[in-house]
Amino acid sequence: MKAKATLKQIAKELNVSVSTVSKALNDSPEISEQTKTRIKEYAKLKNYKPNVIGLNLKNRSTKTIGVIIPNILNSFFAKVFTGIEKVAEGKGYNVITCISNESLEKEINTLEMLSNGTIDGFILSVSEEAQKLHEYNHFKEIINDGTPIVMFDRIAEEVECDKVVVDDFDSALHATQHLIDIGCKNIALFSSVDNLSVGKLRAEGYLKALRNNNITVNEKIILRTESEEDLKDKAEVLFDHNTIDGIFALDENDSVVALRIGVKRGYNIPENLSIIGFADGILASRRLSPSLSTVSQHGPEIGEAAAKLLIERLESKEENLPYKTTVIKTELRERESTKKLK
């Protein structure tokens, strides 16, 4: 973990008193503007940040982890958080949770607000807007300032940090292969997350499974959208003009759309239409009728792995600890929306 400069170090380097440095950084009228500017610029250069909550003087640690999740309504993120909190509590760390609401600006502001000494490190999943714009400099700046980040689920390959992911590509490949194995020949893809890294990987897994089985890719039954509303509209049209016997849905909401429209259109599920969804939320898997077959991401395990990686880095005495990527295996949970494999 990169060391942050102290008031004493800055004072020594600039040959002034600690009191002068403190007053300059707090815009005291007792200090000349020229001296203020010199001290502020040097403090920024040396990665000084004010201690806002009374740090432990021995190890300069707050024993607090900042967690930033993109969407509070997504049950997957709630499951991940339970895993983070379990490990953090066991190691004596507190957790501060913030929501980016898929906004790049809010994500940036939250990182800046908490990295002023409030927390020791971050665990986060990248916002939709950041992934859409491929804007990741704010993460790089935080890491360069000495605050470690662990990314989970939605990650930025361009950012060097610890990461926890599921095997999205292989999971989608396996789920689509299962639909093929139970006899589906016209398998539609439903995605409202095509602007996210996970959505792209899952779609590629679906396409790979079709190619592996010499099934012609039918673009008319592949819905790759960036919003649930857009998906709903296009799904209605798809059912109007195409015959399908399987659907692979890449998000919990996409799964609900697929099942509800299929039932409304009079499909006998699973005899005439088999559906597999990605993400094992309560809404999609157990509260719908018929219950939905899903790819379970094991959210709590992802949270536990992310918290362990961050705490390991925070407590390591090695400054250049190599970055790790932990892959959590998924599980296909068969329920009532898919036929049984003969």
# chains A, B, ... in the order shown; residues from 1 in each chain; ligands from 1

call {"tool": "select_by_dssp", "arguments": {"residues": "range 93-254 of chain A", "states": "helix (DSSP H, G or I)", "output": "PyMOL selection string"}}
result
chain A and resi 104-114+128-133+137-144+168-181+197-212+219-221+228-241+252-254

call {"tool": "residues_around", "arguments": {"residues": "Thr330 in chain A", "least_positions_apart": "4", "cutoff": "7 Å", "atoms": "only C-alpha atoms", "output": "list in words"}}
result
Val166, Asp167, Ser171, Val295, Ser296, Gln297 and His298 of chain A

call {"tool": "closest_residue", "arguments": {"among": "A:Asp240, A:Asp170, A:Asp145, A:Asp162", "to": "Lys324 in chain A", "atoms": "only C-alpha atoms"}}
result
A:Asp162

call {"tool": "closest_residue", "arguments": {"among": "A:Glu319, A:Glu41, A:Glu128, A:Asp251", "to": "Glu107 in chain A", "atoms": "only C-alpha atoms"}}
result
A:Glu128

call {"tool": "closest_residue", "arguments": {"among": "A:Ile39, A:Ile222, A:Leu173, A:Ile65", "to": "Glu13 in chain A", "atoms": "only C-alpha atoms"}}
result
A:Ile39

call {"tool": "residues_around", "arguments": {"residues": "Gly183 in chain A", "least_positions_apart": "6", "cutoff": "9 Å", "atoms": "only C-alpha atoms", "output": "list in words"}}
result
Asp245, Lys339 and Leu341 of chain A

call {"tool": "atom_distance", "arguments": {"atom1": "CA of Glu112 in chain A", "atom2": "CA of Glu315 in chain A"}}
result
22.5 Å

call {"tool": "closest_atom_pairs", "arguments": {"of": "range 183-251 of chain A", "to": "range 263-278 of chain A", "cutoff": "8 Å", "atoms": "only C-alpha atoms", "output": "CSV"}}
result
residue,atom,partner,partner_atom,distance
A:Cys184,CA,A:Ser274,CA,7.6
A:Phe239,CA,A:Arg265,CA,8.0
A:Ile244,CA,A:Leu273,CA,7.2
A:Asp245,CA,A:Leu273,CA,4.4
A:Gly246,CA,A:Ser274,CA,4.7
A:Ile247,CA,A:Ile275,CA,4.8
A:Phe248,CA,A:Ile276,CA,5.1
A:Ala249,CA,A:Gly277,CA,4.6
A:Leu250,CA,A:Phe278,CA,5.0
A:Asp251,CA,A:Phe278,CA,5.1

call {"tool": "write_last_selection", "arguments": {"atoms": "C-alpha atoms", "output": "PDB file, in the first residue's frame"}}
result
ATOM      1  CA  CYS A 184     -33.808 -26.915 -28.369  1.00  0.00           C
ATOM      2  CA  PHE A 239     -42.436 -13.614 -30.635  1.00  0.00           C
ATOM      3  CA  ILE A 244     -38.398 -20.373 -30.924  1.00  0.00           C
ATOM      4  CA  ASP A 245     -38.105 -23.298 -28.546  1.00  0.00           C
ATOM      5  CA  GLY A 246     -35.454 -21.967 -26.152  1.00  0.00           C
ATOM      6  CA  ILE A 247     -34.343 -18.704 -24.566  1.00  0.00           C
ATOM      7  CA  PHE A 248     -31.090 -17.857 -22.823  1.00  0.00           C
ATOM      8  CA  ALA A 249     -31.567 -14.630 -20.820  1.00  0.00           C
ATOM      9  CA  LEU A 250     -28.469 -12.765 -19.653  1.00  0.00           C
ATOM     10  CA  ASP A 251     -29.850 -10.931 -16.620  1.00  0.00           C
TER      11      ASP A 251
END

call {"tool": "select_by_dssp", "arguments": {"residues": "range 36-216 of chain A", "states": "strand (DSSP E)", "output": "ChimeraX atom specification"}}
result
/A:64-69,94-99,121-124,149-152,162-166,187-191

call {"tool": "residues_around", "arguments": {"residues": "Tyr206 in chain A", "least_positions_apart": "4", "cutoff": "7 Å", "atoms": "only C-alpha atoms", "output": "MDAnalysis selection string"}}
result
chainID A and resid 172:173 176 202 210

call {"tool": "write_last_selection", "arguments": {"atoms": "C-alpha atoms", "output": "CSV table (one decimal), in the first residue's frame"}}
result
chain,number,residue,atom,x,y,z
A,172,ALA,CA,-23.1,-19.0,-20.9
A,173,LEU,CA,-21.5,-21.6,-23.1
A,176,THR,CA,-26.7,-22.7,-24.0
A,202,ARG,CA,-22.2,-14.0,-21.9
A,210,LEU,CA,-24.2,-22.5,-31.4

call {"tool": "closest_residue", "arguments": {"among": "A:Ile119, A:Ile68, A:Ala43, A:Leu223", "to": "Gly199 in chain A", "atoms": "only C-alpha atoms"}}
result
A:Leu223

call {"tool": "closest_residue", "arguments": {"among": "A:Val193, A:Val21, A:Val126, A:Val257", "to": "Pro70 in chain A", "atoms": "only C-alpha atoms"}}
result
A:Val126

call {"tool": "closest_residue", "arguments": {"among": "A:Glu334, A:Asp27, A:Glu236, A:Glu160", "to": "Ile182 in chain A", "atoms": "only C-alpha atoms"}}
result
A:Glu334

call {"tool": "atom_distance", "arguments": {"atom1": "CA of Gly117 in chain A", "atom2": "CA of Tyr48 in chain A"}}
result
9.8 Å

call {"tool": "atom_distance", "arguments": {"atom1": "CA of Ala305 in chain A", "atom2": "CA of Gly83 in chain A"}}
result
8.0 Å
